[in-house]
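> Next comes the structure file my_file_17.pdb, holding PDB, C-alpha atoms, pLDDT in the B column.
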ATOM      1  CA  MET A   1       0.974  -1.544  14.199  1.00 53.00           C
ATOM      2  CA  THR A   2       3.854   0.856  13.602  1.00 56.00           C
ATOM      3  CA  ASP A   3       3.264   4.220  11.941  1.00 66.00           C
ATOM      4  CA  SER A   4       4.499   2.946   8.572  1.00 83.00           C
ATOM      5  CA  SER A   5       2.310  -0.146   8.660  1.00 86.00           C
ATOM      6  CA  VAL A   6      -0.732   1.899   9.692  1.00 88.00           C
ATOM      7  CA  THR A   7      -0.087   4.302   6.808  1.00 90.00           C
ATOM      8  CA  LYS A   8       0.254   1.438   4.337  1.00 91.00           C
ATOM      9  CA  ALA A   9      -2.969  -0.142   5.582  1.00 90.00           C
ATOM     10  CA  MET A  10      -4.855   3.156   5.354  1.00 93.00           C
ATOM     11  CA  ARG A  11      -3.541   3.798   1.846  1.00 94.00           C
ATOM     12  CA  LYS A  12      -4.564   0.314   0.656  1.00 93.00           C
ATOM     13  CA  ASP A  13      -8.025   0.717   2.164  1.00 94.00           C
ATOM     14  CA  TRP A  14      -8.628   4.114   0.564  1.00 96.00           C
ATOM     15  CA  ASP A  15      -7.251   3.007  -2.795  1.00 96.00           C
ATOM     16  CA  ALA A  16      -9.684   0.080  -2.689  1.00 95.00           C
ATOM     17  CA  ARG A  17     -12.569   2.384  -1.802  1.00 96.00           C
ATOM     18  CA  ALA A  18     -11.642   4.717  -4.644  1.00 96.00           C
ATOM     19  CA  GLN A  19     -11.592   1.811  -7.081  1.00 96.00           C
ATOM     20  CA  LYS A  20     -14.959   0.506  -5.912  1.00 95.00           C
ATOM     21  CA  ASN A  21     -16.929   3.770  -5.616  1.00 96.00           C
ATOM     22  CA  ALA A  22     -14.833   6.855  -4.902  1.00 96.00           C
ATOM     23  CA  PHE A  23     -17.681   9.340  -4.683  1.00 96.00           C
ATOM     24  CA  HIS A  24     -19.685   7.225  -2.228  1.00 96.00           C
ATOM     25  CA  TYR A  25     -16.812   6.662   0.201  1.00 95.00           C
ATOM     26  CA  ILE A  26     -16.026  10.369   0.173  1.00 96.00           C
ATOM     27  CA  ALA A  27     -19.656  11.432   0.639  1.00 94.00           C
ATOM     28  CA  SER A  28     -21.308   8.304   1.986  1.00 93.00           C
ATOM     29  CA  TRP A  29     -24.782   9.771   2.516  1.00 91.00           C
ATOM     30  CA  ARG A  30     -25.502   8.798  -1.097  1.00 92.00           C
ATOM     31  CA  ARG A  31     -24.698   5.530  -2.850  1.00 89.00           C
ATOM     32  CA  GLU A  32     -24.616   6.935  -6.373  1.00 93.00           C
ATOM     33  CA  TRP A  33     -23.375  10.323  -7.524  1.00 96.00           C
ATOM     34  CA  ASP A  34     -22.738  11.778 -10.946  1.00 95.00           C
ATOM     35  CA  ASP A  35     -19.957  14.303 -11.520  1.00 95.00           C
ATOM     36  CA  ASP A  36     -22.252  17.339 -11.492  1.00 96.00           C
ATOM     37  CA  SER A  37     -24.109  16.451  -8.290  1.00 97.00           C
ATOM     38  CA  PHE A  38     -20.882  15.421  -6.547  1.00 97.00           C
ATOM     39  CA  PHE A  39     -19.122  18.727  -7.153  1.00 96.00           C
ATOM     40  CA  ALA A  40     -22.309  20.712  -6.573  1.00 97.00           C
ATOM     41  CA  SER A  41     -22.502  19.138  -3.119  1.00 97.00           C
ATOM     42  CA  GLY A  42     -18.998  20.460  -2.433  1.00 97.00           C
ATOM     43  CA  GLU A  43     -20.053  23.995  -3.288  1.00 97.00           C
ATOM     44  CA  GLU A  44     -23.170  23.577  -1.151  1.00 97.00           C
ATOM     45  CA  ASP A  45     -21.054  22.402   1.780  1.00 97.00           C
ATOM     46  CA  PHE A  46     -18.763  25.398   1.375  1.00 97.00           C
ATOM     47  CA  ALA A  47     -21.779  27.701   1.597  1.00 97.00           C
ATOM     48  CA  ARG A  48     -23.367  25.710   4.436  1.00 95.00           C
ATOM     49  CA  LEU A  49     -20.395  24.669   6.566  1.00 94.00           C
ATOM     50  CA  VAL A  50     -17.408  26.865   5.755  1.00 95.00           C
ATOM     51  CA  ALA A  51     -18.508  30.393   4.899  1.00 95.00           C
ATOM     52  CA  PRO A  52     -20.848  30.877   7.918  1.00 95.00           C
ATOM     53  CA  VAL A  53     -18.245  29.665  10.405  1.00 94.00           C
ATOM     54  CA  LEU A  54     -15.527  31.895   8.992  1.00 93.00           C
ATOM     55  CA  GLN A  55     -17.945  34.810   9.016  1.00 93.00           C
ATOM     56  CA  ARG A  56     -18.891  34.198  12.665  1.00 93.00           C
ATOM     57  CA  CYS A  57     -15.220  33.948  13.580  1.00 91.00           C
ATOM     58  CA  ARG A  58     -14.468  37.084  11.525  1.00 92.00           C
ATOM     59  CA  LEU A  59     -12.029  35.227   9.300  1.00 93.00           C
ATOM     60  CA  PRO A  60     -11.650  35.634   5.517  1.00 90.00           C
ATOM     61  CA  ALA A  61     -13.042  32.999   3.132  1.00 87.00           C
ATOM     62  CA  SER A  62     -10.483  33.751   0.435  1.00 89.00           C
ATOM     63  CA  GLY A  63      -6.783  34.554   0.130  1.00 89.00           C
ATOM     64  CA  ARG A  64      -3.482  33.642  -1.423  1.00 94.00           C
ATOM     65  CA  ALA A  65      -2.691  30.045  -0.416  1.00 97.00           C
ATOM     66  CA  MET A  66      -4.538  27.327   1.491  1.00 98.00           C
ATOM     67  CA  LEU A  67      -4.309  23.611   2.178  1.00 98.00           C
ATOM     68  CA  GLU A  68      -7.020  20.967   2.163  1.00 98.00           C
ATOM     69  CA  LEU A  69      -6.125  17.862   4.157  1.00 98.00           C
ATOM     70  CA  GLY A  70      -7.873  14.795   2.739  1.00 97.00           C
ATOM     71  CA  CYS A  71      -9.146  16.203  -0.541  1.00 97.00           C
ATOM     72  CA  GLY A  72     -10.273  12.842  -1.955  1.00 97.00           C
ATOM     73  CA  ALA A  73     -11.495  13.273  -5.516  1.00 96.00           C
ATOM     74  CA  GLY A  74     -11.729  17.050  -5.053  1.00 97.00           C
ATOM     75  CA  ARG A  75     -15.387  17.361  -4.021  1.00 97.00           C
ATOM     76  CA  MET A  76     -14.726  20.659  -2.204  1.00 97.00           C
ATOM     77  CA  THR A  77     -11.310  21.474  -3.658  1.00 97.00           C
ATOM     78  CA  HIS A  78     -12.779  23.175  -6.712  1.00 93.00           C
ATOM     79  CA  SER A  79     -14.753  25.479  -4.379  1.00 95.00           C
ATOM     80  CA  PHE A  80     -11.552  26.579  -2.653  1.00 97.00           C
ATOM     81  CA  ALA A  81      -9.807  27.001  -6.008  1.00 96.00           C
ATOM     82  CA  LYS A  82     -12.389  29.639  -6.935  1.00 95.00           C
ATOM     83  CA  ARG A  83     -11.458  31.683  -3.891  1.00 95.00           C
ATOM     84  CA  PHE A  84      -7.743  31.114  -3.287  1.00 96.00           C
ATOM     85  CA  GLU A  85      -4.846  31.812  -5.614  1.00 96.00           C
ATOM     86  CA  ARG A  86      -3.182  28.484  -4.765  1.00 97.00           C
ATOM     87  CA  VAL A  87      -4.656  25.315  -3.233  1.00 98.00           C
ATOM     88  CA  TYR A  88      -2.497  22.504  -1.896  1.00 98.00           C
ATOM     89  CA  ALA A  89      -4.732  19.416  -1.978  1.00 98.00           C
ATOM     90  CA  PHE A  90      -3.420  16.466   0.051  1.00 98.00           C
ATOM     91  CA  ASP A  91      -4.660  12.901   0.081  1.00 97.00           C
ATOM     92  CA  LEU A  92      -3.228   9.558   1.160  1.00 96.00           C
ATOM     93  CA  SER A  93      -4.766   7.668  -1.773  1.00 97.00           C
ATOM     94  CA  SER A  94      -3.135   7.852  -5.196  1.00 97.00           C
ATOM     95  CA  GLU A  95      -6.359   6.455  -6.679  1.00 97.00           C
ATOM     96  CA  MET A  96      -8.379   9.338  -5.257  1.00 97.00           C
ATOM     97  CA  LEU A  97      -5.852  11.886  -6.502  1.00 97.00           C
ATOM     98  CA  GLN A  98      -5.843  10.377  -9.983  1.00 97.00           C
ATOM     99  CA  ARG A  99      -9.602  10.853 -10.178  1.00 96.00           C
ATOM    100  CA  ALA A 100      -9.282  14.400  -8.899  1.00 96.00           C
ATOM    101  CA  ARG A 101      -6.600  15.331 -11.423  1.00 95.00           C
ATOM    102  CA  THR A 102      -8.553  13.810 -14.303  1.00 95.00           C
ATOM    103  CA  MET A 103     -11.797  15.577 -13.473  1.00 94.00           C
ATOM    104  CA  GLN A 104     -10.298  18.974 -12.681  1.00 90.00           C
ATOM    105  CA  LYS A 105      -7.568  19.372 -15.278  1.00 87.00           C
ATOM    106  CA  GLU A 106      -8.690  22.932 -15.997  1.00 86.00           C
ATOM    107  CA  ARG A 107      -7.885  24.087 -12.451  1.00 89.00           C
ATOM    108  CA  ALA A 108      -4.274  25.180 -12.841  1.00 93.00           C
ATOM    109  CA  ASN A 109      -4.103  26.661  -9.329  1.00 97.00           C
ATOM    110  CA  ILE A 110      -4.565  23.290  -7.567  1.00 98.00           C
ATOM    111  CA  LEU A 111      -1.472  21.295  -6.643  1.00 97.00           C
ATOM    112  CA  TRP A 112      -2.491  17.673  -5.982  1.00 97.00           C
ATOM    113  CA  LEU A 113      -0.145  16.107  -3.426  1.00 97.00           C
ATOM    114  CA  LEU A 114       0.151  12.499  -2.256  1.00 96.00           C
ATOM    115  CA  GLY A 115       0.418  12.569   1.533  1.00 94.00           C
ATOM    116  CA  ASN A 116       2.736  10.311   3.508  1.00 90.00           C
ATOM    117  CA  GLY A 117       0.233   9.626   6.290  1.00 88.00           C
ATOM    118  CA  ALA A 118       2.386  11.300   8.918  1.00 86.00           C
ATOM    119  CA  ASP A 119       3.012  14.987   8.224  1.00 92.00           C
ATOM    120  CA  LEU A 120       2.944  17.885   5.756  1.00 96.00           C
ATOM    121  CA  SER A 121       6.709  18.130   5.490  1.00 93.00           C
ATOM    122  CA  CYS A 122       6.696  19.395   1.889  1.00 94.00           C
ATOM    123  CA  ILE A 123       4.946  22.613   3.000  1.00 97.00           C
ATOM    124  CA  ALA A 124       7.028  25.358   4.592  1.00 97.00           C
ATOM    125  CA  SER A 125       6.182  26.516   8.093  1.00 97.00           C
ATOM    126  CA  GLY A 126       4.145  29.713   8.307  1.00 96.00           C
ATOM    127  CA  SER A 127       3.433  29.826   4.580  1.00 97.00           C
ATOM    128  CA  LEU A 128      -0.366  29.478   4.284  1.00 97.00           C
ATOM    129  CA  ASP A 129      -3.405  31.642   4.961  1.00 96.00           C
ATOM    130  CA  PHE A 130      -5.987  28.910   5.579  1.00 97.00           C
ATOM    131  CA  VAL A 131      -6.113  25.160   6.292  1.00 98.00           C
ATOM    132  CA  PHE A 132      -9.194  22.961   6.096  1.00 98.00           C
ATOM    133  CA  SER A 133     -10.204  19.348   6.678  1.00 98.00           C
ATOM    134  CA  TYR A 134     -13.613  17.668   6.569  1.00 98.00           C
ATOM    135  CA  LEU A 135     -14.562  13.976   6.900  1.00 96.00           C
ATOM    136  CA  VAL A 136     -10.900  13.068   7.302  1.00 97.00           C
ATOM    137  CA  LEU A 137      -9.653  13.120  10.913  1.00 97.00           C
ATOM    138  CA  GLN A 138     -12.657  10.996  11.905  1.00 95.00           C
ATOM    139  CA  HIS A 139     -11.212   8.091   9.882  1.00 94.00           C
ATOM    140  CA  LEU A 140      -7.751   8.091  11.477  1.00 95.00           C
ATOM    141  CA  PRO A 141      -7.329   4.945  13.592  1.00 92.00           C
ATOM    142  CA  GLU A 142      -5.455   6.558  16.475  1.00 92.00           C
ATOM    143  CA  GLU A 143      -5.776   9.822  18.390  1.00 94.00           C
ATOM    144  CA  ALA A 144      -2.038  10.363  18.033  1.00 94.00           C
ATOM    145  CA  LEU A 145      -2.301  10.483  14.234  1.00 94.00           C
ATOM    146  CA  ALA A 146      -5.058  13.078  14.395  1.00 96.00           C
ATOM    147  CA  PHE A 147      -3.079  15.224  16.837  1.00 97.00           C
ATOM    148  CA  ARG A 148       0.014  14.993  14.652  1.00 96.00           C
ATOM    149  CA  TYR A 149      -1.945  16.362  11.732  1.00 97.00           C
ATOM    150  CA  VAL A 150      -3.463  19.117  13.867  1.00 98.00           C
ATOM    151  CA  HIS A 151       0.057  20.165  14.847  1.00 97.00           C
ATOM    152  CA  GLU A 152       1.099  20.110  11.195  1.00 98.00           C
ATOM    153  CA  LEU A 153      -1.922  22.174  10.130  1.00 98.00           C
ATOM    154  CA  LEU A 154      -0.989  24.797  12.695  1.00 98.00           C
ATOM    155  CA  ARG A 155       2.703  24.648  11.726  1.00 97.00           C
ATOM    156  CA  VAL A 156       2.107  25.549   8.079  1.00 98.00           C
ATOM    157  CA  LEU A 157      -0.160  28.504   8.914  1.00 97.00           C
ATOM    158  CA  ARG A 158       1.234  32.009   9.122  1.00 96.00           C
ATOM    159  CA  PRO A 159       0.498  33.813  12.412  1.00 96.00           C
ATOM    160  CA  GLY A 160      -3.085  35.011  12.113  1.00 96.00           C
ATOM    161  CA  GLY A 161      -3.886  32.394   9.451  1.00 96.00           C
ATOM    162  CA  ALA A 162      -7.169  30.538   9.896  1.00 96.00           C
ATOM    163  CA  PHE A 163      -7.938  26.872  10.474  1.00 97.00           C
ATOM    164  CA  LEU A 164     -11.216  24.982  10.195  1.00 98.00           C
ATOM    165  CA  PHE A 165     -11.403  21.239  10.639  1.00 98.00           C
ATOM    166  CA  GLN A 166     -13.937  18.598  11.613  1.00 98.00           C
ATOM    167  CA  PHE A 167     -13.345  15.588  13.842  1.00 97.00           C
ATOM    168  CA  ASN A 168     -15.390  12.922  15.590  1.00 96.00           C
ATOM    169  CA  GLY A 169     -16.095  14.174  19.104  1.00 95.00           C
ATOM    170  CA  GLY A 170     -18.860  11.636  19.774  1.00 88.00           C
ATOM    171  CA  LEU A 171     -17.601   9.370  22.538  1.00 77.00           C
ATOM    172  CA  ALA A 172     -21.001   7.852  23.336  1.00 73.00           C
ATOM    173  CA  PRO A 173     -21.827   4.484  21.678  1.00 71.00           C
ATOM    174  CA  THR A 174     -23.839   4.805  18.462  1.00 72.00           C
ATOM    175  CA  MET A 175     -24.916   1.152  18.206  1.00 75.00           C
ATOM    176  CA  ASN A 176     -26.117  -1.668  20.414  1.00 83.00           C
ATOM    177  CA  LEU A 177     -23.848  -4.129  22.220  1.00 82.00           C
ATOM    178  CA  ARG A 178     -24.061  -6.719  19.450  1.00 83.00           C
ATOM    179  CA  GLY A 179     -22.968  -4.181  16.852  1.00 83.00           C
ATOM    180  CA  ARG A 180     -20.125  -2.910  19.020  1.00 83.00           C
ATOM    181  CA  VAL A 181     -18.828  -6.451  19.568  1.00 86.00           C
ATOM    182  CA  ALA A 182     -19.025  -7.254  15.852  1.00 86.00           C
ATOM    183  CA  TRP A 183     -17.207  -4.094  14.823  1.00 81.00           C
ATOM    184  CA  GLY A 184     -14.688  -4.672  17.624  1.00 87.00           C
ATOM    185  CA  ILE A 185     -13.768  -8.022  16.087  1.00 92.00           C
ATOM    186  CA  VAL A 186     -13.449  -6.469  12.616  1.00 88.00           C
ATOM    187  CA  ASP A 187     -11.299  -3.621  13.956  1.00 87.00           C
ATOM    188  CA  ALA A 188      -9.088  -5.966  15.990  1.00 88.00           C
ATOM    189  CA  LEU A 189      -8.326  -8.108  12.950  1.00 89.00           C
ATOM    190  CA  TRP A 190      -7.454  -4.967  10.952  1.00 89.00           C
ATOM    191  CA  SER A 191      -5.179  -3.743  13.737  1.00 87.00           C
ATOM    192  CA  VAL A 192      -3.105  -6.970  13.708  1.00 85.00           C
ATOM    193  CA  ARG A 193      -2.638  -6.676   9.915  1.00 86.00           C
ATOM    194  CA  LEU A 194      -5.225  -9.326   8.999  1.00 87.00           C
ATOM    195  CA  ARG A 195      -6.819  -6.903   6.551  1.00 87.00           C
ATOM    196  CA  ASP A 196      -8.338  -9.440   4.146  1.00 89.00           C
ATOM    197  CA  ILE A 197      -9.773 -11.492   6.995  1.00 91.00           C
ATOM    198  CA  SER A 198     -11.129  -8.306   8.550  1.00 91.00           C
ATOM    199  CA  ARG A 199     -12.992  -7.545   5.317  1.00 89.00           C
ATOM    200  CA  TRP A 200     -14.308 -11.086   5.074  1.00 92.00           C
ATOM    201  CA  VAL A 201     -15.589 -11.041   8.663  1.00 90.00           C
ATOM    202  CA  ALA A 202     -17.233  -7.658   8.042  1.00 88.00           C
ATOM    203  CA  GLY A 203     -19.094  -9.199   5.107  1.00 90.00           C
ATOM    204  CA  VAL A 204     -20.188 -12.150   7.237  1.00 91.00           C
ATOM    205  CA  PHE A 205     -21.635  -9.715   9.784  1.00 89.00           C
ATOM    206  CA  GLY A 206     -23.485  -7.927   6.984  1.00 90.00           C
ATOM    207  CA  PHE A 207     -21.273  -4.835   6.999  1.00 91.00           C
ATOM    208  CA  ASP A 208     -19.769  -3.113   3.986  1.00 92.00           C
ATOM    209  CA  ALA A 209     -16.446  -4.930   3.564  1.00 91.00           C
ATOM    210  CA  CYS A 210     -14.824  -1.813   2.088  1.00 92.00           C
ATOM    211  CA  ALA A 211     -15.648   0.071   5.280  1.00 90.00           C
ATOM    212  CA  ALA A 212     -13.969  -2.545   7.454  1.00 87.00           C
ATOM    213  CA  GLY A 213     -11.202  -1.643   9.826  1.00 86.00           C
ATOM    214  CA  LYS A 214      -9.972   1.328  11.783  1.00 87.00           C
ATOM    215  CA  SER A 215      -9.248   3.352   8.643  1.00 90.00           C
ATOM    216  CA  TRP A 216     -13.012   3.909   8.419  1.00 88.00           C
ATOM    217  CA  ARG A 217     -14.234   3.813  12.008  1.00 84.00           C
ATOM    218  CA  GLY A 218     -11.417   5.895  13.447  1.00 89.00           C
ATOM    219  CA  ALA A 219     -10.776   7.203  16.926  1.00 90.00           C
ATOM    220  CA  ALA A 220     -13.192   9.580  18.657  1.00 94.00           C
ATOM    221  CA  ILE A 221     -11.626  12.539  20.464  1.00 97.00           C
ATOM    222  CA  ALA A 222     -12.968  14.490  23.429  1.00 96.00           C
ATOM    223  CA  GLY A 223     -13.447  18.198  22.819  1.00 95.00           C
ATOM    224  CA  GLN A 224     -11.296  19.191  25.789  1.00 96.00           C
ATOM    225  CA  THR A 225      -8.470  16.986  24.563  1.00 97.00           C
ATOM    226  CA  MET A 226      -8.628  18.647  21.150  1.00 97.00           C
ATOM    227  CA  ARG A 227      -8.619  22.090  22.796  1.00 97.00           C
ATOM    228  CA  GLU A 228      -5.429  21.220  24.656  1.00 97.00           C
ATOM    229  CA  ASN A 229      -3.719  19.926  21.530  1.00 97.00           C
ATOM    230  CA  VAL A 230      -4.682  22.957  19.457  1.00 98.00           C
ATOM    231  CA  ARG A 231      -3.297  25.295  22.116  1.00 97.00           C
ATOM    232  CA  ALA A 232      -0.089  23.255  22.372  1.00 97.00           C
ATOM    233  CA  ALA A 233       0.305  23.422  18.590  1.00 97.00           C
ATOM    234  CA  GLY A 234       0.029  27.219  18.563  1.00 97.00           C
ATOM    235  CA  GLY A 235      -3.640  27.711  17.833  1.00 98.00           C
ATOM    236  CA  GLU A 236      -6.291  29.970  19.326  1.00 97.00           C
ATOM    237  CA  ILE A 237      -9.767  28.432  19.057  1.00 97.00           C
ATOM    238  CA  ARG A 238     -12.486  30.904  18.133  1.00 97.00           C
ATOM    239  CA  GLU A 239     -15.306  28.345  17.928  1.00 97.00           C
ATOM    240  CA  LEU A 240     -15.783  24.673  18.809  1.00 97.00           C
ATOM    241  CA  SER A 241     -19.233  23.639  17.612  1.00 95.00           C
ATOM    242  CA  GLY A 242     -21.080  20.321  17.662  1.00 94.00           C
ATOM    243  CA  GLU A 243     -19.074  19.197  20.665  1.00 93.00           C
ATOM    244  CA  ASN A 244     -19.754  15.590  21.816  1.00 92.00           C
ATOM    245  CA  THR A 245     -21.049  14.641  18.361  1.00 95.00           C
ATOM    246  CA  PRO A 246     -19.420  12.932  15.361  1.00 94.00           C
ATOM    247  CA  MET A 247     -19.535  16.309  13.581  1.00 95.00           C
ATOM    248  CA  THR A 248     -17.439  18.508  15.850  1.00 97.00           C
ATOM    249  CA  TRP A 249     -15.948  21.558  14.120  1.00 97.00           C
ATOM    250  CA  CYS A 250     -12.917  23.495  15.343  1.00 98.00           C
ATOM    251  CA  CYS A 251     -12.204  26.986  14.006  1.00 98.00           C
ATOM    252  CA  GLY A 252      -9.566  29.513  14.947  1.00 97.00           C
ATOM    253  CA  VAL A 253      -6.276  31.202  14.139  1.00 97.00           C
ATOM    254  CA  ALA A 254      -2.596  30.370  14.429  1.00 97.00           C
ATOM    255  CA  THR A 255      -0.677  32.345  17.039  1.00 95.00           C
ATOM    256  CA  GLY A 256       2.793  31.204  16.020  1.00 83.00           C
ATOM    257  CA  LYS A 257       3.493  30.290  19.652  1.00 81.00           C
ATOM    258  CA  GLN A 258       3.662  26.599  20.531  1.00 79.00           C
ATOM    259  CA  GLY A 259       3.639  25.057  23.964  1.00 67.00           C
TER     260      GLY A 259
END
Kindly return the structure encoded in the file as structure tokens.

Amino acid sequence: MTDSSVTKAMRKDWDARAQKNAFHYIASWRREWDDDSFFASGEEDFARLVAPVLQRCRLPASGRAMLELGCGAGRMTHSFAKRFERVYAFDLSSEMLQRARTMQKERANILWLLGNGADLSCIASGSLDFVFSYLVLQHLPEEALAFRYVHELLRVLRPGGAFLFQFNGGLAPTMNLRGRVAWGIVDALWSVRLRDISRWVAGVFGFDACAAGKSWRGAAIAGQTMRENVRAAGGEIRELSGENTPMTWCCGVATGKQG
């Protein structure tokens, strides 16, 4: 598929997931969430996943302006809004953003932005202090899309600004041969634009039809490959943790020097 068709397919998939059960598809370790527990989990993840890493890397956990790539319904966005003067919250799904805006109307320092699936062109280069992404890059169907966003995250950071993002670095199979073949069929149908058939086949195999396709089971990326792309984009990695697992975290600073 071309970039535009991939973006359209991803947007449709995430709008459908938001309509069915937004909280679950954002934080899929629980089927049912209420508003309080959902946003509390975001604050817990800030304390568990963000603050310790920034502290180890000697980077600030607050500042003037930051960007969250893939904010969904704002599970963690409200945590950043407590600590940063301005938060730019991007998501590809208008349905997710509508839920976020409705539930967090009192947060005047959050700017909810509908992403185009390709770049962060509405944000000026070198204008932000911190960029963050969690449970997002792992869903992108192609390595090239993930690398494009990594380059964009580094572009919008000021020199010395911090980045922290998670990606799927687990290249080893996580299911048996039968499961891999079944998901391969589902993914192949999605990739040739047979989205409805892909969902139907996923249901036949006993999978969650809303999780069908490469917009859910995205591309895995080797740690070394990510290192090379971060350096090329003008980033200095301070910590790469969880390497070779689905929960690989990359933390560092922008140097302002690409290539």
> Quick one: everything within 7 Å of Gly160 in chain A, counting only C-alpha atoms, minus sequence neighbours fewer than 2 positions away in the same chain. Send it as an NGL selection string.
:A and (158 or 162 or 253-255)
> Any idea what's packed within 12 Å of Pro52 in chain A, counting only C-alpha atoms, ignoring anything in its chain fewer than 5 positions away? Could you give it as a PDB file with C-alpha atoms, in the coordinates of the input?

ATOM      1  CA  GLU A  44     -23.170  23.577  -1.151  1.00 97.00           C
ATOM      2  CA  ASP A  45     -21.054  22.402   1.780  1.00 97.00           C
ATOM      3  CA  PHE A  46     -18.763  25.398   1.375  1.00 97.00           C
ATOM      4  CA  ALA A  47     -21.779  27.701   1.597  1.00 97.00           C
ATOM      5  CA  CYS A  57     -15.220  33.948  13.580  1.00 91.00           C
ATOM      6  CA  ARG A  58     -14.468  37.084  11.525  1.00 92.00           C
ATOM      7  CA  LEU A  59     -12.029  35.227   9.300  1.00 93.00           C
ATOM      8  CA  PRO A  60     -11.650  35.634   5.517  1.00 90.00           C
ATOM      9  CA  ALA A  61     -13.042  32.999   3.132  1.00 87.00           C
ATOM     10  CA  LEU A 164     -11.216  24.982  10.195  1.00 98.00           C
ATOM     11  CA  GLU A 239     -15.306  28.345  17.928  1.00 97.00           C
ATOM     12  CA  CYS A 251     -12.204  26.986  14.006  1.00 98.00           C
TER      13      CYS A 251
END
> Please provide the set of residues having any atom within 9 Å of Tyr88 in chain A, restricted to all atoms listed in the file, with same-chain residues fewer than 6 positions apart removed, written as a PyMOL selection string.
chain A and resi 65-69+109-113+123
> Please evaluate the PyMOL selection byres ((chain A and resi 71) around 12) against the structure above and give the resulting residues as a ChimeraX atom specification.
/A:22-23,26-27,42,67-70,72-80,87-101,110-115,131-137
> On this structure, the PyMOL selection byres ((chain A and resi 245-250) around 12) would catch which residues? List them as number ranges by chain, sorted by chain and number.
A: 49-50, 53-54, 57, 131-139, 150, 162-174, 217-224, 226-227, 229-231, 235-244, 251-253
> Excluding Ser191 in chain A and any residue of its chain fewer than 4 positions from it, enumerate the residues within 12 Å of it, using only C-alpha atoms, and give them as a ChimeraX atom specification.
/A:1-3,5-7,9-10,141-142,184-187,195-198,212-215,217-218
> One decimal, in Å: what's the spacing between CA of Val156 in chain A and CA of Gly256 in chain A?
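Straight-line distance from CA of Val156 in chain A to CA of Gly256 in chain A works out to 9.8 Å.
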> Any idea what's packed within 10 Å of Ala211 in chain A, counting all atoms listed in the file, ignoring anything in its chain fewer than 6 positions away? Could you give it as an MDAnalysis selection string?
chainID A and resid 13:14 16:17 25 199 202:203 217
> Could you give me, as a list in words, the residues that have an atom at most 9 Å away from the point (-3.0, 34.8, -0.2) in the coordinates of the file, using all atoms listed in the file?
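Protein, DNA and RNA residues close to (-3.0, 34.8, -0.2): Ser62, Gly63, Arg64, Ala65, Met66, Phe84, Glu85, Arg86, Leu128, Asp129 and Phe130 of chain A.
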> Please report the interatomic distance between CA of Asp34 in chain A and CA of Arg48 in chain A in Å with one decimal.
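These atoms are spaced 20.8 Å apart.
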> Using only the atoms of range 89-108 of chain A listed in the file, plus 3 Å on each side, state the axis-aligned box centre and edge lengths in Å rounded to one decimal, as JSON.

{"center_x": -7.5, "center_y": 15.8, "center_z": -7.4, "size_x": 14.7, "size_y": 24.7, "size_z": 23.2}
> Hey, can you check how far CA of Ala81 in chain A sits from CA of Gly126 in chain A?
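It comes out at 20.2 Å.
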> When you count only C-alpha atoms, which of these residues is closest to Pro159 in chain A: A:Ser37, A:Lys257, A:Trp183, A:Val204?
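Under the stated criterion, the closest residue is A:Lys257.
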